[in-house]
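Enquirer: Next up is a structure, given as structure tokens.
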Amino acid sequence: MDPVPATPSASSAITLKVNGEKHTLPVDHRTTLLDALRERLDLTGTKKGCDQGQCGACTVLLDGRRAVACLQLAVAAEGREITTIEGVAEEGGQLHPVQQAFLDLDGYQCGYCTPGQICSAVAVIEEHAAGWPSAVTGDVRPEAGSPPLTAEEIRERMSGNLCRCGAYVSIVQAVARAAAAHGSTTETTETTGAAAASAAGGAAA
Ligand code: FES
Ligand code: FES
């Protein structure tokens, strides 16, 4: 009689490199990266919204590219560079230009979506600078180069991140400001303070 095969282990010890620090932890193989970050590593800046890949609240950077952490298994993130909102700020604790722009231009209301929005925006600016087209880019030939980062381009590129408060107007302006500081060509007009808040309220309707 053949031996009964061993039951595969349901958990493993993995090492996650998050914001430059290595953490070794045992995880059930079904644990999502989002739950590992929040529940096991106490990195609660990354938010759980839908837990189904639809809202973008849990967006982190994996090797510099955007990923929704609720759809990633923690075991699959081993060996990759994971950056959460806690690791976006620059050396010495200085805010990342995207963070500063969100502050300056009221890019949030309740703030729940903000960590995901900021992680996305950081990657959007890099993707645009690298010449990646979006669904609204007219001329996608490589020789055409990066299109200006218009409000339409920003809205499309950030469309995976939902904001229930409707702070979209200010978010677009904040991304444009940070992108301009990064050297991108942008074409948006800024409003600030009450005007931005009022416009954002209108966008939510
Ligand atoms: S919580 Fe991950 S996309 Fe909504
Ligand atoms: S600021 Fe409240 S959900 Fe976006």
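Naming works like this for the structure tokens: A, B, ... for the chains as they're shown, residue 1 at the start of each chain, ligands 1 onward in shown order.
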What do you get as JSON, numbers by chain if you pick all residues at most 12 Å from ligand 1, counting only C-alpha atoms and all ligand atoms?

Expert: {"A": [32, 33, 34, 35, 38, 46, 47, 48, 49, 50, 51, 52, 53, 54, 55, 56, 57, 58, 59, 60, 66, 67, 68, 69, 70, 71, 72, 112, 113, 115, 116, 117, 120, 159, 160, 161, 162, 163]}

Enquirer: Based on the selection just made, write C-alpha atoms of those residues as a PDB file, in the first residue's frame.

Expert:
```pdb
ATOM      1  CA  THR A  32      -2.895  38.725   2.075  1.00  0.00           C
ATOM      2  CA  LEU A  33      -0.099  41.244   2.014  1.00  0.00           C
ATOM      3  CA  LEU A  34      -2.587  43.807   3.311  1.00  0.00           C
ATOM      4  CA  ASP A  35      -3.384  41.739   6.402  1.00  0.00           C
ATOM      5  CA  ARG A  38      -1.712  45.758   9.086  1.00  0.00           C
ATOM      6  CA  THR A  46      -2.262  51.067   4.436  1.00  0.00           C
ATOM      7  CA  LYS A  47      -6.042  51.004   4.575  1.00  0.00           C
ATOM      8  CA  LYS A  48      -8.563  48.236   3.982  1.00  0.00           C
ATOM      9  CA  GLY A  49     -11.541  49.489   2.030  1.00  0.00           C
ATOM     10  CA  CYS A  50     -13.278  46.930  -0.161  1.00  0.00           C
ATOM     11  CA  ASP A  51     -10.807  44.025   0.347  1.00  0.00           C
ATOM     12  CA  GLN A  52     -11.668  43.075  -3.246  1.00  0.00           C
ATOM     13  CA  GLY A  53      -9.266  45.065  -5.406  1.00  0.00           C
ATOM     14  CA  GLN A  54     -11.780  47.734  -6.330  1.00  0.00           C
ATOM     15  CA  CYS A  55     -11.099  50.836  -4.252  1.00  0.00           C
ATOM     16  CA  GLY A  56      -7.319  51.312  -4.196  1.00  0.00           C
ATOM     17  CA  ALA A  57      -7.221  52.156  -0.466  1.00  0.00           C
ATOM     18  CA  CYS A  58      -4.647  49.405   0.107  1.00  0.00           C
ATOM     19  CA  THR A  59      -2.255  50.486  -2.662  1.00  0.00           C
ATOM     20  CA  VAL A  60       1.418  49.946  -1.898  1.00  0.00           C
ATOM     21  CA  ARG A  66       1.578  49.993  -7.794  1.00  0.00           C
ATOM     22  CA  ALA A  67      -0.178  46.988  -6.348  1.00  0.00           C
ATOM     23  CA  VAL A  68      -3.368  46.546  -4.371  1.00  0.00           C
ATOM     24  CA  ALA A  69      -2.198  44.710  -1.265  1.00  0.00           C
ATOM     25  CA  CYS A  70      -5.568  43.022  -0.697  1.00  0.00           C
ATOM     26  CA  LEU A  71      -5.054  40.968  -3.869  1.00  0.00           C
ATOM     27  CA  GLN A  72      -1.460  39.967  -3.158  1.00  0.00           C
ATOM     28  CA  TYR A 112      -9.042  57.216   4.564  1.00  0.00           C
ATOM     29  CA  CYS A 113      -8.187  56.865   0.879  1.00  0.00           C
ATOM     30  CA  PRO A 115      -2.368  56.621   1.766  1.00  0.00           C
ATOM     31  CA  GLY A 116      -3.416  54.662  -1.323  1.00  0.00           C
ATOM     32  CA  GLN A 117      -3.854  57.842  -3.337  1.00  0.00           C
ATOM     33  CA  SER A 120      -0.450  55.603  -6.499  1.00  0.00           C
ATOM     34  CA  SER A 159      -8.797  56.015 -11.604  1.00  0.00           C
ATOM     35  CA  GLY A 160      -8.113  52.874  -9.568  1.00  0.00           C
ATOM     36  CA  ASN A 161      -8.207  54.936  -6.382  1.00  0.00           C
ATOM     37  CA  LEU A 162     -11.652  55.899  -5.189  1.00  0.00           C
ATOM     38  CA  CYS A 163     -12.335  58.709  -2.715  1.00  0.00           C
TER      39      CYS A 163
END
```

Enquirer: Could you tell me, counting only C-alpha atoms and all ligand atoms, which protein and nucleic acid residues lie no more than 8 Å from ligand 2, written as a compact mmCIF listing (two decimals) with C-alpha atoms, in the first residue's frame?

Expert:
```txt
# COMPACT_ATOMS: atom_id res chain seq x y z
CA GLY A 107 -6.08 66.65 -1.27
CA TYR A 108 -8.10 64.82 1.36
CA GLN A 109 -11.12 65.18 3.57
CA CYS A 110 -11.55 62.14 5.85
CA GLY A 111 -8.15 60.91 4.69
CA TYR A 112 -9.04 57.22 4.56
CA CYS A 113 -8.19 56.87 0.88
CA THR A 114 -5.17 59.16 1.14
CA LEU A 162 -11.65 55.90 -5.19
CA CYS A 163 -12.34 58.71 -2.72
CA ARG A 164 -15.73 58.60 -1.08
CA CYS A 165 -15.37 62.19 0.11
CA GLY A 166 -14.91 63.36 -3.47
CA ALA A 167 -11.65 65.25 -2.95
```

Enquirer: Step one, run DSSP on the backbone; step two, keep only residues of chain A assigned to strand (DSSP E or B); then write them as a VMD selection string.

Expert: chain A and resid 11 to 18 21 to 28 32 59 to 62 65 to 68 73 81 to 83 149 to 150 186 to 187

Enquirer: Using only N, CA, C and O atoms, please write the residues we just selected to a file, as a CSV table (one decimal), in the first residue's frame.

Expert:
```
chain,number,residue,atom,x,y,z
A,11,SER,N,1.4,26.9,6.5
A,11,SER,CA,2.0,28.2,6.9
A,11,SER,C,3.5,28.1,6.6
A,11,SER,O,4.1,27.0,6.6
A,12,SER,N,4.1,29.2,6.5
A,12,SER,CA,5.6,29.3,6.3
A,12,SER,C,6.1,30.5,7.0
A,12,SER,O,5.4,31.5,7.2
A,13,ALA,N,7.4,30.4,7.3
A,13,ALA,CA,8.1,31.6,7.8
A,13,ALA,C,8.6,32.4,6.6
A,13,ALA,O,9.3,31.8,5.7
A,14,ILE,N,8.2,33.6,6.5
A,14,ILE,CA,8.7,34.4,5.3
A,14,ILE,C,9.4,35.7,5.8
A,14,ILE,O,9.2,36.1,7.0
A,15,THR,N,10.1,36.3,4.9
A,15,THR,CA,10.8,37.5,5.3
A,15,THR,C,10.3,38.6,4.3
A,15,THR,O,10.5,38.4,3.1
A,16,LEU,N,9.7,39.6,4.8
A,16,LEU,CA,9.2,40.7,4.0
A,16,LEU,C,10.1,41.9,4.2
A,16,LEU,O,10.5,42.2,5.3
A,17,LYS,N,10.5,42.5,3.1
A,17,LYS,CA,11.3,43.8,3.2
A,17,LYS,C,10.4,44.9,3.0
A,17,LYS,O,9.9,45.2,1.8
A,18,VAL,N,10.1,45.6,4.1
A,18,VAL,CA,9.1,46.7,4.0
A,18,VAL,C,9.8,48.0,4.4
A,18,VAL,O,10.4,48.1,5.5
A,21,GLU,N,13.2,47.7,5.7
A,21,GLU,CA,13.5,46.8,6.9
A,21,GLU,C,13.0,45.4,6.7
A,21,GLU,O,11.9,45.2,6.2
A,22,LYS,N,13.8,44.4,7.1
A,22,LYS,CA,13.4,43.1,6.9
A,22,LYS,C,12.6,42.6,8.2
A,22,LYS,O,13.0,42.8,9.3
A,23,HIS,N,11.5,41.9,7.9
A,23,HIS,CA,10.7,41.3,9.0
A,23,HIS,C,10.5,39.8,8.7
A,23,HIS,O,9.9,39.5,7.6
A,24,THR,N,10.8,39.0,9.6
A,24,THR,CA,10.6,37.5,9.4
A,24,THR,C,9.4,37.2,10.3
A,24,THR,O,9.3,37.5,11.4
A,25,LEU,N,8.4,36.5,9.6
A,25,LEU,CA,7.2,36.2,10.4
A,25,LEU,C,6.5,34.9,9.8
A,25,LEU,O,6.6,34.7,8.6
A,26,PRO,N,5.9,34.1,10.6
A,26,PRO,CA,5.2,33.0,10.1
A,26,PRO,C,3.8,33.5,9.6
A,26,PRO,O,3.2,34.3,10.3
A,27,VAL,N,3.4,33.0,8.4
A,27,VAL,CA,2.1,33.4,7.9
A,27,VAL,C,1.4,32.2,7.3
A,27,VAL,O,2.0,31.3,6.8
A,28,ASP,N,0.1,32.2,7.5
A,28,ASP,CA,-0.7,31.3,6.8
A,28,ASP,C,-0.6,31.6,5.3
A,28,ASP,O,-0.5,32.8,5.0
A,32,THR,N,-3.2,37.7,3.1
A,32,THR,CA,-2.9,38.7,2.1
A,32,THR,C,-1.8,39.6,2.6
A,32,THR,O,-1.5,39.7,3.8
A,59,THR,N,-3.4,50.4,-1.7
A,59,THR,CA,-2.3,50.5,-2.7
A,59,THR,C,-0.9,50.7,-2.0
A,59,THR,O,-0.7,51.6,-1.1
A,60,VAL,N,0.0,49.8,-2.3
A,60,VAL,CA,1.4,49.9,-1.9
A,60,VAL,C,2.3,49.9,-3.2
A,60,VAL,O,1.8,49.6,-4.3
A,61,LEU,N,3.6,50.0,-3.0
A,61,LEU,CA,4.5,49.9,-4.1
A,61,LEU,C,5.3,48.6,-3.9
A,61,LEU,O,5.8,48.3,-2.9
A,62,LEU,N,5.3,47.8,-5.0
A,62,LEU,CA,6.0,46.5,-5.0
A,62,LEU,C,7.1,46.7,-6.1
A,62,LEU,O,6.8,46.9,-7.3
A,65,ARG,N,6.3,49.6,-8.3
A,65,ARG,CA,5.1,49.6,-9.1
A,65,ARG,C,3.9,49.4,-8.2
A,65,ARG,O,3.9,48.8,-7.2
A,66,ARG,N,2.8,50.0,-8.6
A,66,ARG,CA,1.6,50.0,-7.8
A,66,ARG,C,1.0,48.6,-7.7
A,66,ARG,O,0.9,47.9,-8.7
A,67,ALA,N,0.5,48.3,-6.5
A,67,ALA,CA,-0.2,47.0,-6.3
A,67,ALA,C,-1.2,47.2,-5.3
A,67,ALA,O,-1.0,47.9,-4.3
A,68,VAL,N,-2.4,46.5,-5.4
A,68,VAL,CA,-3.4,46.5,-4.4
A,68,VAL,C,-3.0,45.4,-3.4
A,68,VAL,O,-3.1,44.2,-3.8
A,73,LEU,N,-0.8,37.9,-2.2
A,73,LEU,CA,-0.5,37.0,-1.0
A,73,LEU,C,0.8,37.4,-0.4
A,73,LEU,O,1.8,37.8,-1.2
A,81,GLU,N,10.7,44.5,-2.9
A,81,GLU,CA,10.8,45.8,-2.2
A,81,GLU,C,9.4,46.3,-2.0
A,81,GLU,O,8.8,46.7,-2.9
A,82,ILE,N,8.9,46.3,-0.7
A,82,ILE,CA,7.6,46.8,-0.5
A,82,ILE,C,7.7,48.2,0.2
A,82,ILE,O,8.4,48.4,1.1
A,83,THR,N,7.0,49.1,-0.4
A,83,THR,CA,6.9,50.5,0.2
A,83,THR,C,5.5,50.8,0.5
A,83,THR,O,4.6,50.7,-0.3
A,149,LEU,N,1.0,65.9,-18.6
A,149,LEU,CA,0.2,65.3,-17.6
A,149,LEU,C,-1.0,66.2,-17.3
A,149,LEU,O,-1.1,66.9,-16.4
A,150,THR,N,-2.0,66.1,-18.2
A,150,THR,CA,-3.2,66.9,-18.1
A,150,THR,C,-4.1,66.3,-17.0
A,150,THR,O,-3.8,65.2,-16.5
A,186,THR,N,2.9,69.6,-17.2
A,186,THR,CA,1.6,69.5,-16.7
A,186,THR,C,0.7,70.6,-17.3
A,186,THR,O,1.2,71.6,-17.7
A,187,GLU,N,-0.6,70.4,-17.2
A,187,GLU,CA,-1.5,71.5,-17.7
A,187,GLU,C,-2.7,71.5,-16.9
A,187,GLU,O,-3.8,71.3,-17.3
```

Enquirer: Could you name the residues that touch Arg80 of chain A at 6 Å or less, counting only C-alpha atoms, but leaving out those on the same chain fewer than 2 positions away, as a ChimeraX atom specification?

Expert: /A:63,77-78

Enquirer: Keeping only all heavy atoms, write those residues as a PDB file, in the first residue's frame.

Expert:
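And here's selection34.pdb as it stands now:
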```pdb
ATOM      1  N   ASP A  63       8.359  46.762  -5.652  1.00  0.00           N
ATOM      2  CA  ASP A  63       9.450  47.055  -6.580  1.00  0.00           C
ATOM      3  C   ASP A  63       9.145  48.336  -7.365  1.00  0.00           C
ATOM      4  O   ASP A  63       9.411  48.430  -8.569  1.00  0.00           O
ATOM      5  CB  ASP A  63       9.699  45.878  -7.530  1.00  0.00           C
ATOM      6  CG  ASP A  63      10.155  44.630  -6.795  1.00  0.00           C
ATOM      7  OD1 ASP A  63      10.795  44.771  -5.733  1.00  0.00           O
ATOM      8  OD2 ASP A  63       9.861  43.516  -7.265  1.00  0.00           O
ATOM      9  N   ALA A  77       5.030  38.117  -1.927  1.00  0.00           N
ATOM     10  CA  ALA A  77       5.743  39.399  -1.856  1.00  0.00           C
ATOM     11  C   ALA A  77       7.142  39.222  -1.275  1.00  0.00           C
ATOM     12  O   ALA A  77       7.914  40.176  -1.197  1.00  0.00           O
ATOM     13  CB  ALA A  77       4.949  40.397  -1.017  1.00  0.00           C
ATOM     14  N   GLU A  78       7.469  38.006  -0.879  1.00  0.00           N
ATOM     15  CA  GLU A  78       8.804  37.765  -0.314  1.00  0.00           C
ATOM     16  C   GLU A  78       9.865  38.078  -1.373  1.00  0.00           C
ATOM     17  O   GLU A  78       9.701  37.746  -2.558  1.00  0.00           O
ATOM     18  CB  GLU A  78       8.934  36.318   0.164  1.00  0.00           C
ATOM     19  CG  GLU A  78      10.198  36.097   0.969  1.00  0.00           C
ATOM     20  CD  GLU A  78      10.196  34.760   1.690  1.00  0.00           C
ATOM     21  OE1 GLU A  78       9.582  33.813   1.172  1.00  0.00           O
ATOM     22  OE2 GLU A  78      10.842  34.664   2.756  1.00  0.00           O
TER      23      GLU A  78
END
```

Enquirer: For Glu143 of chain A, which of A:Ile125, A:Val88, A:Leu37, A:Gly131 is the closest residue, counting only C-alpha atoms?

Expert: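 Selected residue with least distance to Glu143 of chain A: A:Gly131.
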
Enquirer: In Å, rounded to a single decimal, give me how far atom CA of Asn19 of chain A is from atom CA of Ala101 of chain A.

Expert: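 These two atoms are separated by 21.5 Å.
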
Enquirer: Can you tell me, as a VMD selection string, which residues in segment 107-200 of chain A count as helix (DSSP H, G or I) by DSSP?

Expert: chain A and resid 114 to 129 142 to 144 151 to 157 168 to 181 193 to 200

Enquirer: For Glu152 of chain A, which of A:Gly138, A:Gly45, A:Gly79, A:Gly20 is the closest residue, counting only C-alpha atoms?

Expert: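 For Glu152 of chain A, the nearest of the candidates is A:Gly138.
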
Enquirer: For Trp132 of chain A, find every residue with an atom within 12 Å (counting only C-alpha atoms), except residues of its own chain fewer than 5 positions away, and show them as a list in words.

Expert: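 Close residues of Trp132 of chain A: Ala123, Val124, Ile125, Glu126, Glu127, Thr137, Asp139, Val140, Arg141, Pro142, Glu143, Ala144, Gly145, Ser146, Pro147, Pro148, Leu149, Glu153 and Arg157 of chain A.
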
Enquirer: Write to file, as a PDB file, in the first residue's frame, the residues of the selection just made, with N, CA, C and O atoms.

Expert:
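Result went into again-v5.pdb, see below:
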```pdb
ATOM      1  N   ALA A 123       3.835  56.563  -7.901  1.00  0.00           N
ATOM      2  CA  ALA A 123       4.160  55.686  -9.033  1.00  0.00           C
ATOM      3  C   ALA A 123       3.678  56.277 -10.356  1.00  0.00           C
ATOM      4  O   ALA A 123       4.358  56.131 -11.381  1.00  0.00           O
ATOM      5  N   VAL A 124       2.534  56.950 -10.343  1.00  0.00           N
ATOM      6  CA  VAL A 124       2.019  57.567 -11.576  1.00  0.00           C
ATOM      7  C   VAL A 124       3.041  58.546 -12.144  1.00  0.00           C
ATOM      8  O   VAL A 124       3.304  58.566 -13.354  1.00  0.00           O
ATOM      9  N   ILE A 125       3.609  59.333 -11.270  1.00  0.00           N
ATOM     10  CA  ILE A 125       4.573  60.347 -11.740  1.00  0.00           C
ATOM     11  C   ILE A 125       5.791  59.670 -12.363  1.00  0.00           C
ATOM     12  O   ILE A 125       6.291  60.100 -13.411  1.00  0.00           O
ATOM     13  N   GLU A 126       6.225  58.583 -11.759  1.00  0.00           N
ATOM     14  CA  GLU A 126       7.365  57.845 -12.323  1.00  0.00           C
ATOM     15  C   GLU A 126       6.976  57.179 -13.649  1.00  0.00           C
ATOM     16  O   GLU A 126       7.752  57.189 -14.611  1.00  0.00           O
ATOM     17  N   GLU A 127       5.778  56.598 -13.690  1.00  0.00           N
ATOM     18  CA  GLU A 127       5.324  55.920 -14.917  1.00  0.00           C
ATOM     19  C   GLU A 127       5.232  56.930 -16.064  1.00  0.00           C
ATOM     20  O   GLU A 127       5.651  56.651 -17.193  1.00  0.00           O
ATOM     21  N   THR A 137      -4.137  58.471 -23.594  1.00  0.00           N
ATOM     22  CA  THR A 137      -3.032  59.041 -24.371  1.00  0.00           C
ATOM     23  C   THR A 137      -3.339  58.867 -25.859  1.00  0.00           C
ATOM     24  O   THR A 137      -3.620  57.748 -26.306  1.00  0.00           O
ATOM     25  N   ASP A 139      -1.425  59.658 -28.797  1.00  0.00           N
ATOM     26  CA  ASP A 139      -0.362  59.098 -29.633  1.00  0.00           C
ATOM     27  C   ASP A 139       0.526  58.221 -28.758  1.00  0.00           C
ATOM     28  O   ASP A 139       1.257  58.728 -27.909  1.00  0.00           O
ATOM     29  N   VAL A 140       0.419  56.918 -28.945  1.00  0.00           N
ATOM     30  CA  VAL A 140       1.150  55.994 -28.056  1.00  0.00           C
ATOM     31  C   VAL A 140       2.461  55.509 -28.687  1.00  0.00           C
ATOM     32  O   VAL A 140       3.106  54.621 -28.146  1.00  0.00           O
ATOM     33  N   ARG A 141       2.834  56.080 -29.832  1.00  0.00           N
ATOM     34  CA  ARG A 141       4.096  55.660 -30.425  1.00  0.00           C
ATOM     35  C   ARG A 141       5.250  56.074 -29.514  1.00  0.00           C
ATOM     36  O   ARG A 141       5.224  57.187 -28.973  1.00  0.00           O
ATOM     37  N   PRO A 142       6.243  55.216 -29.336  1.00  0.00           N
ATOM     38  CA  PRO A 142       7.349  55.563 -28.428  1.00  0.00           C
ATOM     39  C   PRO A 142       7.988  56.891 -28.794  1.00  0.00           C
ATOM     40  O   PRO A 142       8.365  57.675 -27.915  1.00  0.00           O
ATOM     41  N   GLU A 143       8.077  57.182 -30.109  1.00  0.00           N
ATOM     42  CA  GLU A 143       8.748  58.423 -30.506  1.00  0.00           C
ATOM     43  C   GLU A 143       7.943  59.675 -30.145  1.00  0.00           C
ATOM     44  O   GLU A 143       8.463  60.785 -30.165  1.00  0.00           O
ATOM     45  N   ALA A 144       6.658  59.481 -29.797  1.00  0.00           N
ATOM     46  CA  ALA A 144       5.833  60.636 -29.425  1.00  0.00           C
ATOM     47  C   ALA A 144       6.190  61.129 -28.022  1.00  0.00           C
ATOM     48  O   ALA A 144       5.873  62.262 -27.650  1.00  0.00           O
ATOM     49  N   GLY A 145       6.856  60.293 -27.216  1.00  0.00           N
ATOM     50  CA  GLY A 145       7.247  60.698 -25.869  1.00  0.00           C
ATOM     51  C   GLY A 145       6.059  60.809 -24.941  1.00  0.00           C
ATOM     52  O   GLY A 145       4.934  60.467 -25.293  1.00  0.00           O
ATOM     53  N   SER A 146       6.336  61.308 -23.728  1.00  0.00           N
ATOM     54  CA  SER A 146       5.274  61.436 -22.728  1.00  0.00           C
ATOM     55  C   SER A 146       4.350  62.583 -23.096  1.00  0.00           C
ATOM     56  O   SER A 146       4.816  63.679 -23.389  1.00  0.00           O
ATOM     57  N   PRO A 147       3.029  62.376 -23.035  1.00  0.00           N
ATOM     58  CA  PRO A 147       2.111  63.493 -23.261  1.00  0.00           C
ATOM     59  C   PRO A 147       2.140  64.393 -22.028  1.00  0.00           C
ATOM     60  O   PRO A 147       2.580  63.953 -20.959  1.00  0.00           O
ATOM     61  N   PRO A 148       1.683  65.645 -22.133  1.00  0.00           N
ATOM     62  CA  PRO A 148       1.592  66.462 -20.918  1.00  0.00           C
ATOM     63  C   PRO A 148       0.696  65.759 -19.910  1.00  0.00           C
ATOM     64  O   PRO A 148      -0.255  65.070 -20.294  1.00  0.00           O
ATOM     65  N   LEU A 149       1.014  65.909 -18.648  1.00  0.00           N
ATOM     66  CA  LEU A 149       0.209  65.265 -17.614  1.00  0.00           C
ATOM     67  C   LEU A 149      -1.010  66.161 -17.339  1.00  0.00           C
ATOM     68  O   LEU A 149      -1.071  66.887 -16.359  1.00  0.00           O
ATOM     69  N   GLU A 153      -5.303  63.051 -18.058  1.00  0.00           N
ATOM     70  CA  GLU A 153      -4.314  61.986 -17.881  1.00  0.00           C
ATOM     71  C   GLU A 153      -4.221  61.578 -16.404  1.00  0.00           C
ATOM     72  O   GLU A 153      -4.155  60.404 -16.077  1.00  0.00           O
ATOM     73  N   ARG A 157      -5.064  57.915 -14.910  1.00  0.00           N
ATOM     74  CA  ARG A 157      -3.995  57.139 -14.264  1.00  0.00           C
ATOM     75  C   ARG A 157      -4.300  56.873 -12.785  1.00  0.00           C
ATOM     76  O   ARG A 157      -3.819  55.902 -12.215  1.00  0.00           O
TER      77      ARG A 157
END
```
